[in-house]
Structure formats: C-alpha cells, structure tokens
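Engineer: Hey, dropping work_33.cif in here, mmCIF, C-alpha atoms and all ligand atoms:
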```
data_protein
#
loop_
_atom_site.label_atom_id
_atom_site.label_comp_id
_atom_site.auth_asym_id
_atom_site.auth_seq_id
_atom_site.Cartn_x
_atom_site.Cartn_y
_atom_site.Cartn_z
CA MET A 1 0.00 0.00 0.00
CA GLN A 2 1.17 3.50 -0.75
CA LYS A 3 1.49 5.79 2.24
CA ASN A 4 1.17 9.54 2.29
CA ASN A 5 3.42 11.86 4.27
CA VAL A 6 1.46 11.38 7.50
CA ASP A 7 1.87 7.60 7.13
CA THR A 8 -1.75 6.71 6.54
CA GLU A 9 -3.07 4.90 3.50
CA ILE A 10 -3.44 7.10 0.46
CA MET A 11 -7.07 7.58 -0.53
CA VAL A 12 -8.10 8.82 -3.97
CA TYR A 13 -11.68 9.55 -5.05
CA LEU A 14 -12.77 8.77 -8.58
CA THR A 15 -16.10 9.88 -10.07
CA ARG A 16 -18.00 8.64 -13.09
CA LYS A 17 -20.89 10.71 -14.48
CA GLU A 18 -23.88 9.14 -16.21
CA ARG A 19 -27.24 10.48 -17.37
CA PHE A 20 -30.76 9.13 -17.56
CA ASN A 21 -34.22 10.48 -18.32
CA ALA A 22 -37.26 9.29 -16.42
CA ALA A 23 -40.84 10.16 -15.53
CA HIS A 24 -42.36 10.28 -12.09
CA LYS A 25 -45.11 11.69 -9.92
CA LEU A 26 -44.86 12.64 -6.26
CA TRP A 27 -48.20 12.00 -4.64
CA VAL A 28 -49.70 10.83 -1.35
CA GLU A 29 -52.86 8.84 -2.07
CA GLU A 30 -54.54 9.70 1.25
CA TRP A 31 -54.18 13.44 0.65
CA SER A 32 -56.42 15.79 -1.34
CA GLU A 33 -55.30 17.11 -4.71
CA GLU A 34 -54.84 20.55 -3.13
CA LYS A 35 -52.59 19.23 -0.39
CA ASN A 36 -50.51 17.21 -2.87
CA LYS A 37 -50.15 20.24 -5.13
CA ALA A 38 -49.23 22.48 -2.21
CA LEU A 39 -46.37 20.21 -1.14
CA PHE A 40 -45.11 18.63 -4.37
CA GLY A 41 -45.88 21.45 -6.84
CA LYS A 42 -45.28 20.48 -10.48
CA CYS A 43 -43.96 17.07 -9.39
CA SER A 44 -47.55 16.17 -8.45
CA ASN A 45 -48.81 16.55 -12.03
CA LYS A 46 -51.48 13.88 -12.54
CA ASN A 47 -50.27 12.73 -15.95
CA TRP A 48 -46.61 12.46 -14.98
CA HIS A 49 -43.64 14.56 -16.05
CA GLY A 50 -39.99 13.91 -16.78
CA HIS A 51 -36.59 14.91 -15.47
CA ASN A 52 -33.14 14.75 -17.04
CA TYR A 53 -31.09 13.25 -14.23
CA ASP A 54 -27.32 13.60 -13.84
CA LEU A 55 -25.80 10.83 -11.74
CA TYR A 56 -22.31 10.99 -10.18
CA ILE A 57 -20.87 7.82 -8.69
CA THR A 58 -17.71 8.28 -6.60
CA VAL A 59 -15.50 5.38 -5.52
CA LYS A 60 -12.43 5.54 -3.34
CA GLY A 61 -9.27 3.52 -2.91
CA THR A 62 -5.51 3.44 -3.22
CA PRO A 63 -4.18 3.45 -6.79
CA ASP A 64 -2.69 0.10 -7.74
CA PRO A 65 1.12 0.42 -8.03
CA THR A 66 1.13 -1.24 -11.46
CA THR A 67 -2.00 0.09 -13.18
CA GLY A 68 -2.39 3.35 -11.27
CA PHE A 69 -6.12 2.58 -11.07
CA ILE A 70 -8.42 2.44 -8.04
CA MET A 71 -10.61 0.30 -10.24
CA ASN A 72 -10.96 0.04 -14.01
CA VAL A 73 -13.32 2.86 -15.02
CA LYS A 74 -14.68 0.64 -17.78
CA ASP A 75 -15.85 -1.82 -15.11
CA LEU A 76 -17.32 1.05 -13.08
CA SER A 77 -19.18 2.35 -16.11
CA LYS A 78 -20.46 -1.17 -16.92
CA ILE A 79 -21.79 -1.67 -13.37
CA ILE A 80 -23.61 1.68 -13.38
CA LYS A 81 -25.05 1.01 -16.82
CA GLU A 82 -26.20 -2.56 -16.11
CA PHE A 83 -27.62 -2.09 -12.61
CA VAL A 84 -28.87 1.50 -12.76
CA ILE A 85 -29.06 3.27 -16.11
CA ASP A 86 -30.55 0.38 -18.13
CA LYS A 87 -33.26 0.01 -15.48
CA LEU A 88 -34.07 3.72 -14.99
CA ASP A 89 -33.56 5.35 -18.37
CA HIS A 90 -36.86 6.17 -20.14
CA SER A 91 -38.80 4.52 -17.34
CA ASN A 92 -41.66 5.57 -15.11
CA LEU A 93 -40.05 5.60 -11.66
CA ASN A 94 -43.40 5.00 -9.91
CA LEU A 95 -44.34 1.94 -11.95
CA ASP A 96 -41.59 0.36 -14.01
CA VAL A 97 -38.50 -0.18 -11.90
CA GLU A 98 -38.15 -3.42 -10.03
CA PHE A 99 -35.63 -2.08 -7.48
CA ILE A 100 -37.93 0.80 -6.48
CA PRO A 101 -40.47 -0.80 -4.11
CA LYS A 102 -44.10 0.04 -4.92
CA GLY A 103 -45.32 2.93 -2.83
CA THR A 104 -41.83 4.47 -2.49
CA GLN A 105 -41.89 8.18 -3.33
CA PRO A 106 -39.47 8.50 -6.26
CA THR A 107 -37.72 11.56 -4.85
CA THR A 108 -34.06 12.30 -5.43
CA GLU A 109 -33.44 11.46 -1.76
CA ASN A 110 -34.94 7.98 -2.05
CA LEU A 111 -33.31 7.32 -5.42
CA VAL A 112 -29.75 7.86 -4.14
CA ILE A 113 -30.29 5.23 -1.40
CA LEU A 114 -31.75 2.70 -3.85
CA ILE A 115 -29.02 3.33 -6.42
CA TRP A 116 -26.38 2.81 -3.69
CA GLN A 117 -27.92 -0.57 -2.81
CA GLN A 118 -27.91 -1.57 -6.49
CA ILE A 119 -24.21 -0.94 -7.12
CA ALA A 120 -22.30 -1.18 -3.81
CA PRO A 121 -21.88 -5.00 -3.82
CA HIS A 122 -20.61 -4.99 -7.41
CA ILE A 123 -18.06 -2.24 -6.78
CA GLN A 124 -16.77 -4.16 -3.76
CA LYS A 125 -15.93 -7.10 -6.05
CA HIS A 126 -13.46 -4.81 -7.83
CA ASN A 127 -11.67 -3.95 -4.57
CA ALA A 128 -12.89 -0.35 -4.59
CA ILE A 129 -15.21 1.24 -2.04
CA LEU A 130 -18.34 3.13 -2.98
CA HIS A 131 -18.06 6.59 -1.44
CA CYS A 132 -20.94 8.69 -2.75
CA VAL A 133 -24.01 8.55 -4.96
CA LYS A 134 -24.96 12.04 -6.07
CA LEU A 135 -28.03 12.69 -8.17
CA TYR A 136 -29.15 15.94 -9.78
CA GLU A 137 -32.86 16.15 -10.53
CA THR A 138 -32.49 19.64 -11.98
CA GLU A 139 -29.36 21.74 -12.35
CA ASN A 140 -30.19 23.47 -9.07
CA ILE A 141 -30.96 20.57 -6.76
CA TYR A 142 -29.19 17.34 -5.92
CA ALA A 143 -29.10 14.70 -3.20
CA GLU A 144 -26.05 12.80 -1.96
CA TYR A 145 -25.80 9.51 -0.11
CA PHE A 146 -22.70 8.18 1.65
CA GLY A 147 -24.11 4.84 2.83
CA GLU A 148 -24.86 5.90 6.40
NI NI A 201 -40.53 15.86 -10.55
#
```
Could you render the structure from this file as structure tokens?
Structural biologist:
Amino acid sequence: MQKNNVDTEIMVYLTRKERFNAAHKLWVEEWSEEKNKALFGKCSNKNWHGHNYDLYITVKGTPDPTTGFIMNVKDLSKIIKEFVIDKLDHSNLNLDVEFIPKGTQPTTENLVILIWQQIAPHIQKHNAILHCVKLYETENIYAEYFGE
C-alpha cells in the first residue's frame, strides 16, 4: 500500500458521471389534490412529467502500483449502466422499476439510497469502495448519499 506523508493509507476519489431520463409523480394517495399540489408542486402533475437526471458515482481507494487505477473505469461504467441506467432510463419511476419498491416516493433522496444498494456489492468485487451517490434532478438541486 502507498502511504502519504502522514503515514496513513493514500485515498483517492474517482467519479464517473452518467445520465438518464425518467418520468415520475410525487403524490400521497390519502391526501387531497390541493394538499398534494401544495407540497409537491409540479412534481404532483397527474399525468406524470420527466426529469433529465445527472448521476455521479464516486469510488475511493488506493491506486494500484502497477496500473495506477483504483478500479478500471470501464468496469465502473459497466456496473452503473447494467444495474442503474438500463433500469431507470426512459422509465416511469413510480411503476416500471423493479428495485424501487411500490409505494416508495421516487424523490431524489430515495433514489440515491436505492441506487447505492444496487451498485455497492458490485463495486466491492473490484476492490474499490463506494463513497458517494450524487443525483441531480435539476441543475439546481441534488441529493447525496454516503451509505450511512
Ligand atoms: Ni418531478
């Protein structure tokens, strides 16, 4: 293992960005239309609406002395594509996605937790550690999850 100048293990953070587009609706069945609209605004639109999501997956580790990699970014990209993007892209997040339990509000906050659970075990197999799942729902708002 490489050491840094305070004699602890060197830790480097590597981020891969991916995109997907999906539809959703934020709605509480027991509430009136007015109450749903008041809380969820445009995200409560009855006939759905879409977002262009930007997803940032950060892994951490010590660069391998031979390859200089924490993990092969091609493998990272493949994991994100297979277990997240292929399942979410052009989907309806309320109805279509098997890893989003029925009745789960498809908010950015809930999505980062579910995406973490989808990819963490696969990243571990490549000797890297998942550090952060960051998801932008619009350019002005994002949620982050660190596995806590
Ligand atoms: Ni929305």
Engineer: For a test of reading the model, state the distance in Å between atom CA of A:His90 and atom CA of A:Gly50, rounded to one decimal.
Structural biologist: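 According to the coordinates, atom CA of A:His90 and atom CA of A:Gly50 are separated by 9.0 Å.
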Engineer: What does the list of residues within 8 Å of ligand NI 201 (chain A) look like if you count all atoms listed in the file, written as number ranges by chain?
Structural biologist: A: 23-26, 42-44, 49-51, 107, 137
Engineer: Got a sec: who's within 8 Å of A:Tyr13, counting all atoms listed in the file, leaving out chain neighbours fewer than 3 positions off, as a compact mmCIF listing (two decimals) with C-alpha atoms, in the frame of the given file?
Structural biologist:
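Full text of part-v1.txt as output:
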```
# COMPACT_ATOMS: atom_id res chain seq x y z
CA THR A 58 -17.71 8.28 -6.60
CA VAL A 59 -15.50 5.38 -5.52
CA LYS A 60 -12.43 5.54 -3.34
CA GLY A 61 -9.27 3.52 -2.91
CA HIS A 131 -18.06 6.59 -1.44
```
Engineer: Between A:Asn21, A:Thr138, A:Asn110, A:Asn127, which residue has the minimum interatomic distance to A:Leu76, considering only C-alpha atoms?
Structural biologist: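 For A:Leu76, the nearest of the given residues is A:Asn127.
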Engineer: Please compute the atom CA of A:Lys87-atom CA of A:Lys102 distance, one decimal, in Å.
Structural biologist: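 Interatomic distance here is 15.1 Å.
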Engineer: I want to know what sits within 12 Å of A:Gln117, based on all atoms listed in the file, with residues of the same chain fewer than 2 positions away left out; could you give that as a list in words?
Structural biologist: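 So, after excluding close chain neighbours, the residues are Ile80, Phe83, Val84, Phe99, Ile100, Asn110, Leu111, Val112, Ile113, Leu114, Ile115, Ile119, Ala120, Pro121, His122, Ile123, Gln124, Leu130, Cys132, Val133, Tyr145, Phe146, Gly147 and Glu148 of chain A.
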Engineer: Expressed in Å to a single decimal, how great is the separation between atom CA of A:Glu109 and atom CA of A:Asp89?
Structural biologist: 17.7 Å
Engineer: Compile the contact shell of A:Val97 as a PyMOL selection string: residues with an atom at most 8 Å away, counting only C-alpha atoms, same-chain residues fewer than 4 positions apart removed.
Structural biologist: chain A and resi 87-88+91-93
Engineer: Using C-alpha atoms, can you write the selected residues to a file as a PDB file, keeping the file's coordinate frame?
Structural biologist:
```pdb
ATOM      1  CA  LYS A  87     -33.260   0.010 -15.480  1.00  0.00           C
ATOM      2  CA  LEU A  88     -34.070   3.720 -14.990  1.00  0.00           C
ATOM      3  CA  SER A  91     -38.800   4.520 -17.340  1.00  0.00           C
ATOM      4  CA  ASN A  92     -41.660   5.570 -15.110  1.00  0.00           C
ATOM      5  CA  LEU A  93     -40.050   5.600 -11.660  1.00  0.00           C
TER       6      LEU A  93
END
```
Engineer: Can you pull out every residue within 10 Å of A:Gly41, counting all atoms listed in the file, but drop anything in the same chain fewer than 5 positions away, and send it as a PyMOL selection string?
Structural biologist: chain A and resi 26-27+34-36
Engineer: Around the point (-6.9, 1.7, -11.8), in the coordinates given by the file, pick out the residues reaching within 12 Å, counting all atoms listed in the file, and return them as JSON, numbers by chain.
Structural biologist: {"A": [12, 13, 14, 59, 60, 61, 62, 63, 64, 65, 66, 67, 68, 69, 70, 71, 72, 73, 74, 75, 76, 126, 127, 128]}
Engineer: Give me the residues near A:Leu135 as number ranges by chain, where near means some atom within 10 Å (using only C-alpha atoms) and where sequence neighbours in that chain fewer than 6 positions away do not count.
Structural biologist: A: 17-19, 53-57, 108-109, 111-112, 115, 141-145
Engineer: Return the single residue from A:Trp31, A:Glu98, A:Tyr136, A:Arg16 that is closest to A:Lys78, with distances computed using only C-alpha atoms.
Structural biologist: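 Closest to A:Lys78, using only C-alpha atoms: A:Arg16.
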Engineer: Return the single residue from A:Ala38, A:Phe20, A:Thr15, A:Glu82 that is closest to A:Gln118, with distances computed using only C-alpha atoms.
Structural biologist: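 Nearest candidate to A:Gln118 out of A:Ala38, A:Phe20, A:Thr15, A:Glu82: A:Glu82.
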